[in-house]
Each structure stands twice: as C-alpha cells, then as structure tokens.
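Notes to accompany the following structure.
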4 protein chains.
Amino acid sequence: MDIESERELYGGLLQAIHKIENTPRFTRLIPEVRTNIVYCRPNETDPNKVAAIDGRITVINDKPKATGKPKIGCSDHMARALIEIKKHRPEITSGINLRYNKKTTKAIKKTLQTEIGEIDRTREPEPQKTGQKKSMPWKIQYLKNKYGEIPNIFYETPGYGKEPLYVLIGTDPLKITETAIEITKNHP
Amino acid sequence: MDIESERELYGGLLQAIHKIENTPRFTRLIPEVRTNIVYCRPNETDPNKVAAIDGRITVINDKPKATGKPKIGCSDHMARALIEIKKHRPEITSGINLRYNKKTTKAIKKTLQTEIGEIDRTREPEPQKTGQKKSMPWKIQYLKNKYGEIPNIFYETPGYGKEPLYVLIGTDPLKITETAIEITKNHP
Amino acid sequence: MDIESERELYGGLLQAIHKIENTPRFTRLIPEVRTNIVYCRPNETDPNKVAAIDGRITVINDKPKATGKPKIGCSDHMARALIEIKKHRPEITSGINLRYNKKTTKAIKKTLQTEIGEIDRTREPEPQKTGQKKSMPWKIQYLKNKYGEIPNIFYETPGYGKEPLYVLIGTDPLKITETAIEITKNHP
Amino acid sequence: MDIESERELYGGLLQAIHKIENTPRFTRLIPEVRTNIVYCRPNETDPNKVAAIDGRITVINDKPKATGKPKIGCSDHMARALIEIKKHRPEITSGINLRYNKKTTKAIKKTLQTEIGEIDRTREPEPQKTGQKKSMPWKIQYLKNKYGEIPNIFYETPGYGKEPLYVLIGTDPLKITETAIEITKNHP
C-alpha cells in the first residue's frame, strides 16, 4: 500500500480512538466480543488490506481503551463485512460494531432518523451457515433485498452461539465514531 | 482486603500472564469474548473481591497480550462462577475461560484424563434464563447433579446469542494456566 | 486544528512507530530519557500544537515500544526545538532524539554523509542557562552561526545534570525514522 | 527462583503500581529518565534476579503509567544499587528513584524527619568514574563513610551528562511508594 493511503487509514482510526477514549460512557456500547473499527481505501477490494485496531477496544478501569494500535490486516469478520458492503455501496469506507440490546436500540432510535436493518439469521439457508466466509455475502445480500439498500446501521438477530451486534457504517471513521458517541448520550 | 492476600492474588495472576504471553500458540484458545483468569482467597464469598485481569487477555500482533493489570473486582461472569463453584468445592480458587470448538475438545481429551462437564443450556428452566444472576447457580447445580461433583473442566452448549466457552478450574492460577498451555501443545 | 491536518500528524507518527517497533535493534538508539518523535504542520509556530508520542518510546521485553499514542501537545523540549528550528529551516516538520555515545557517532558517520552539528554547552552564556525556555533559541542560533545552517543531525555536549542527545530532523517523520533505522544497522 | 518468591516480588510491585497510577500528582516526582521500583528477596545477591517494572513508569495523558509489567531482571542501574546497599543494610529489599530538584527537596524535608544523604560526584576518584559497574560500590561506600549508615533517602549531585536523582529505599515496595506519595502531597 502506498504511504499516503496507509497514513490516512492510520490517522483516521487514531482520531476515532482518541474520541472514544475521551468518552467514558462509550463502555455501554462495547459488546462482549469487544468493539473494533475498520477503515479502508475508497476502492479497496481485499479484506486483508483493511485497517483496524489491533486487539480491539476493551474496557480498562471502567473506561474504553484501545488495546493496540491501528494496523492493516488485523480484523477478520468486520473487514470482510466492509468489503462485502462496498460491492453495493462503494462510498462506504468504515464500520464499527456495537453492543446489541434493548437499551442500545432505544438510544439509536432516539438519536438517528435512519431505518435500522435487521438480519434474521433464521432465514439463512443451511449451506451458508456452515462456512463463515460464505455467510457474509448472504447476510449483506439479504439486507440489500429486504431494504433496497444496505442501511447505515443494522444488526443480526442473536445466533446459536453468536453474540448479536450492531454495525454502523459510513464514509469516514471519525464521523461514524461521532455518531456512536451521540448514541451513548441517549443511552440510559 | 489485607495487603498480604491482595499481593498473593496480584502475584499469582501476573505469573499466569507472563506464561501466557510467552506462549504464542495460546491465541488458539482465546475466544471471541477474550480470555480472563480469576483468582480469589481460599474463603472468599464475595464476587466483587475476586481478582481478574482488567481488560482481559486479547490478541495483539498475533500474540496473546493482557491488556490491563490484575485488579480486584474487574470481572463479572467469571467471578460469579468461581464463587458459586466454591460453594461445592471450597478448595477451588481460580478459573480460566477458553475458546470452545472441536479442536479444543480434541486437544483437551488428548491432554487430560479428566471428564469434561457439559452444561446443556436447553435444560435450563425459563425463569432462570431471564436473569443472568439467577442463571449461574442453576448451571453449577446442574453440573453437581449430573456429575456428582463440579468437573475440573466444563463447557456450556452454545446459547442463543451466547458464545460457548470452556472453563478450567483449579487450586492455583499458575497451575491451571500451565494446564491450558499443555492443551495448546495438542491443539492443531 | 482541522481534521485533515491532525490526521496527517497522527498517521505519520503511527507509521514511524510501526517501523521502530518492528526493529528490535532500535533499542541501541534509545537514551535514558527515552526517544520521542515530533511532527507538525508545515507552517506551525506553536509548540503546543506539535504532535508527539504520549509517554515516549521505551524498551519493554528488550524491544522498542511506544507506550502511548500519537497526540497533540504532549512534548515539551522536542516540540520547542522543532518550532525554533523552523524559524531557520521552514521545510523541517519532524525530529527524533537518539542516544548519544561513541558507538552512535561511529554508526552515524558510517551511514550518513552529512555533517554532524555540535552544540557546545560550555559556550552558552549564563543568563540563558538559567531558564530552559530561553536556552533553546540560543542553541539553535548557535548551530546556525557555526554551520551556516541547522544541520540535519546534531547533538549537545553533555551538560551538568543533562544527558547528551542526538537530534535528527527532516521533512517527514517516516523518512527520519527510516534514516535512524539505517543507522542502527551500522551500530555495533 | 521459586514460585512463592517470584509471586511476592510481582505482587508487591503491582500493589505499588496501582497506588502510583491512582495518584495523578505523582507525575511531579517522575524524572526525565522515568521512575522505576526495584524489589528483591531478603537474601538476594544477584542484580539479575531483582524484580522491576519493565519499561519503567512514564507519564501518559498527564498521569503516571507503568508501561510494562513487573518482571525479574529488567533493571540495571537501580538493581545494582539495591544489591550494593544490601551489603550494608541487609533488611533493605526495595528502592524507587524520583526526580531531583529544589521542590522535591523541600517536599521531602516537610514530609520526612530522616536525614537526606548526598553523594558528591566530584569526590569520585577518576578510575571508578570510567566504568559504571565500578562506580556503584564507590557511591554506596561513600554514603556509609559519610553518614555512618546508608540513609533511607539520598541523591547524587548532578553529573556530567547525568540527571540527578533521588533514591528512596526501604523494606517493602508498597511502603516506600506510600512514602513517595506522602511527599507528593507537600510538593507544590
């Protein structure tokens, strides 16, 4: 990757981390699997070239804390989701995953006017379920079919052995982080 | 808590962390919700006085890494499990959670002679399921009833929205960590 | 500061950190006071708006390790040096401090063709010595007078109670870091 | 080293770290070379078996922060000082280094009744000065000769290229840390 692109990815994620670490309330949005933020170049097609936070964002001393640094290729699930979403909405370059529960849903509805997408895992055909890598295209296509477009925020219904998660997407990692922080203000 | 007890808890967990961080293969045993180790005094009855690793053990740069320090009162689920187990087996003072999958099961069977306990979540009566705090006593009692005693290693079957996890318990945090490291050697 | 500028500063420093952390030999260049890297906008005049590594780069487990993240306004000495240097050489935007000893001097001479600047602290007039803030302009002016221009690399002779340090300056934090890494290859 | 001793060293240092990280004012006592705490077994004679904080205690986000974990054999200067002091005062097991300046001196005098030792570096004979390893026995013997016993707190006058430092010693790492924290309360 060229130096300027890498620098943009690193810098954008670091701005997002600073914002989150300065927002103690953000811990309410961190799921058991921890939060990650992904960010890629506008025309990226390779999940291994997506930048993310190495070690994810965890909770230390009751405050949100990025355990490692922004790095290329250190996310799996979220990076593949982003690349799949870009096939339908190429302007999207970044995403963040958040805790799913009733309080978060209420806070999102109070904060955003946008429709919340729902991936109903019970609708997934068996063959796709077997392999994680095949599952992602199905999920994103499901959203496309159901809503006409991939919504800016969506979640999967709880799966067997899988924590349900919200995913918020957008055109810039700092902007989606600021949106997430707005949501925390309406989170009881 | 008296200084000597706190020092023992901190020191024991730190020895465990050093062992794990020096074992890159250990990442195979780290679940999506990340690994934690809990350690308490022999007669502890309060989950808030159990020591654990603040921020859990995550994966950074493809290696296991404790994100924070050993601290009193920074674990919820694992601390309550430990205190509940102590009601049946007071000699137990420590526990560690590990990724559940077929490879881990195979590695455990190859490493340990001990029986593996299984908590079948589908057997849990509805009322307990509603509250997490009521669920733990049911689970531990279930193990007691089914196996006559709480096994040294057990797992819960995958729950709706819950990642399945192995829990390994013992009388010392360093010893159970060394057992976990033995398991990684048989992990493909 | 505007978002794009901040992102550039953060991203550039993070690239430098990744390079250094992947170079175990770099520990040879880390002084007792630890290494920092500063980076500012092309027209910066305010030391408080210079970006640096919060907590500096230290040695952990015998490897170089940035203890905190790139941040605006977390360097004092190096930030003031950079702003003072820019008065003479506005194209300079970044600097890194390195351990001073005979081995480093030898390695620098073997690596770079450039002249090494020397600030002879014994020449500093008494009044300047009293206040650190007045001392910096004197030092940089001293280099200007002695060499006609601020050299790309210079050091201060050991002071009374002050560790001597090399300072390497340039137009980009990644480039000066790569130069420092070249120097480590010639460091015995 | 046996498991129980290692656990004591780790646990004692971790208690000290928790205290310091919970005391933002402590940054006033952190010198340019950063603070370290050393702790060894009562009969230790080997500097390589002294425990210390890997990466030292630095300042991040204007607060004191241990960059790494307690570890055996990661200190050089302070570990050798401790072992040398033990030859005269075997009950001493721990030491911490602090910033030297007039404010610290005033705060120490206000906090402690104890005499402050001074090592006058100008008295050191040339041969010792050449090798750091030979210098330490001379310094400690100098204190013994001058004060009849090694004082609980002492400093070296600023050396050529060396930052002056206070060293506070005692029988337990938590106790000396609590003393240092008392000193910060009298630090303007």
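In the structure tokens, chains take letters A, B, ... by order of appearance, with residues numbered from 1 within each chain and ligands from 1 in the order shown.
Proximity to Lys87 (chain D) at 12 Å, evaluated using only C-alpha atoms and with sequence-adjacent residues fewer than 3 positions away removed, yields Pro42, Asn43, Glu44, Thr45, Asp46, Arg80, Ala81, Leu82, Ile83, Glu84, Pro90, Glu91, Ile92, Thr93, Pro137, Ile140, Gln141, Lys144, Glu149 and Ile150 of chain D.
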Report as CSV the residues of chain D within 6 Å of chain C, each with its shortest atom pair and distance in Å (one decimal), using only C-alpha atoms, ordered by chain and increasing residue number.
residue,atom,partner,partner_atom,distance
D:Glu32,CA,C:Val33,CA,5.1
D:Val33,CA,C:Val33,CA,4.2
D:Asp54,CA,C:Ile60,CA,5.5
D:Gly55,CA,C:Ile60,CA,4.9
D:Thr58,CA,C:Gly55,CA,5.7
D:Val59,CA,C:Gly55,CA,5.2
D:Ile60,CA,C:Gly55,CA,4.9
D:Thr67,CA,C:Thr67,CA,5.7
D:Pro158,CA,C:Gly161,CA,4.3
D:Gly159,CA,C:Gly161,CA,5.2
D:Tyr160,CA,C:Tyr160,CA,4.7
D:Gly161,CA,C:Glu163,CA,4.2
D:Lys162,CA,C:Gly161,CA,4.7
D:Glu163,CA,C:Gly161,CA,4.2
D:Pro164,CA,C:Gly161,CA,5.8
Export, as a short mmCIF file (atom, residue, chain, number, x, y, z; two decimals), in the first residue's frame, the selected residues with C-alpha atoms.
data_model
loop_
_atom_site.label_atom_id
_atom_site.label_comp_id
_atom_site.auth_asym_id
_atom_site.auth_seq_id
_atom_site.Cartn_x
_atom_site.Cartn_y
_atom_site.Cartn_z
CA GLU D 32 13.38 12.56 32.69
CA VAL D 33 14.81 9.03 32.85
CA ASP D 54 9.63 -3.40 32.54
CA GLY D 55 9.67 -0.12 30.59
CA THR D 58 6.16 7.15 32.47
CA VAL D 59 3.60 9.94 32.02
CA ILE D 60 0.67 9.32 29.67
CA THR D 67 4.38 0.98 30.65
CA PRO D 158 24.23 16.28 39.02
CA GLY D 159 26.97 14.59 36.99
CA TYR D 160 28.41 15.46 33.63
CA GLY D 161 25.71 14.13 31.28
CA LYS D 162 23.79 12.50 34.14
CA GLU D 163 20.42 13.58 35.51
CA PRO D 164 20.47 13.87 39.31
#
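For the residues C:Leu143, C:Ser75, C:Gly11, C:His18, ranking by smallest atom-to-atom distance to Arg89 (chain C) using only C-alpha atoms places C:Leu143 first.
The environment of Lys175 (chain B) within 10 Å, counting only C-alpha atoms and disregarding residues fewer than 6 places along the same chain, consists of Gly12, Ala16, Ser94, Ile169 and Ile181 of chain B.
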Store the residues picked out above, limited to N, CA and C atoms, as an mmCIF file, in the first residue's frame.
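Final output, result-v8.cif:
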data_model
loop_
_atom_site.group_PDB
_atom_site.id
_atom_site.type_symbol
_atom_site.label_atom_id
_atom_site.label_comp_id
_atom_site.auth_asym_id
_atom_site.auth_seq_id
_atom_site.Cartn_x
_atom_site.Cartn_y
_atom_site.Cartn_z
ATOM 1 N N GLY B 12 0.013 -14.009 41.745
ATOM 2 C CA GLY B 12 -0.365 -15.258 41.077
ATOM 3 C C GLY B 12 -0.872 -15.009 39.664
ATOM 4 N N ALA B 16 0.758 -15.991 35.835
ATOM 5 C CA ALA B 16 -0.036 -16.628 34.778
ATOM 6 C C ALA B 16 0.054 -15.824 33.475
ATOM 7 N N SER B 94 -9.400 -20.607 41.525
ATOM 8 C CA SER B 94 -9.069 -19.925 40.267
ATOM 9 C C SER B 94 -9.723 -20.609 39.080
ATOM 10 N N ILE B 169 -10.951 -25.019 35.954
ATOM 11 C CA ILE B 169 -10.816 -24.511 37.325
ATOM 12 C C ILE B 169 -9.742 -25.284 38.090
ATOM 13 N N ILE B 181 -1.743 -24.349 28.840
ATOM 14 C CA ILE B 181 -0.623 -24.330 27.886
ATOM 15 C C ILE B 181 -0.311 -25.744 27.393
#
Picked from chain A by DSSP as helix (DSSP H, G or I), as an MDAnalysis selection string: chainID A and resid 3:21 24:29 47:49 77:88 102:111 121:123 126:130 132:147 173:185
Within 7 Å of Val50 (chain C) using only C-alpha atoms, minus same-chain residues under 4 positions, as a compact mmCIF listing (two decimals) with C-alpha atoms, in the first residue's frame:
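Written output follows (selection_26.txt):
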# COMPACT_ATOMS: atom_id res chain seq x y z
CA VAL C 38 7.72 15.18 16.92
CA TYR C 39 5.76 16.14 13.83
CA CYS C 40 3.98 19.41 12.97
CA ILE C 72 -1.04 16.83 20.01
CA GLY C 73 0.78 18.82 22.69
CA ALA C 79 8.43 20.48 20.37
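Candidate residues B:Pro70, B:Asp172, B:Arg99, B:Tyr155 were compared for distance to Leu13 (chain D), and the nearest is B:Pro70, using only C-alpha atoms.
Pairwise distance (CA of Tyr147 (chain B), CA of Lys185 (chain B)) equals 27.6 Å.
The two atoms in question, CA of Lys146 (chain D) and CA of Ile119 (chain D), are spaced 9.1 Å apart.
The interatomic distance for the pair CA of Met136 (chain C) and CA of Thr122 (chain C) works out to 14.3 Å.
Nearest to Asn48 (chain B) of all the residues B:His77, B:Arg25, B:Lys106, B:Lys86 is B:His77, counting only C-alpha atoms.
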Mind checking DSSP for chain C and telling me the strand (DSSP E or B) residues as number ranges by chain? C: 35, 37-39, 51-53, 57-60, 63-66, 70-72, 94-99, 116-119, 153-156, 159-160, 162, 165-170
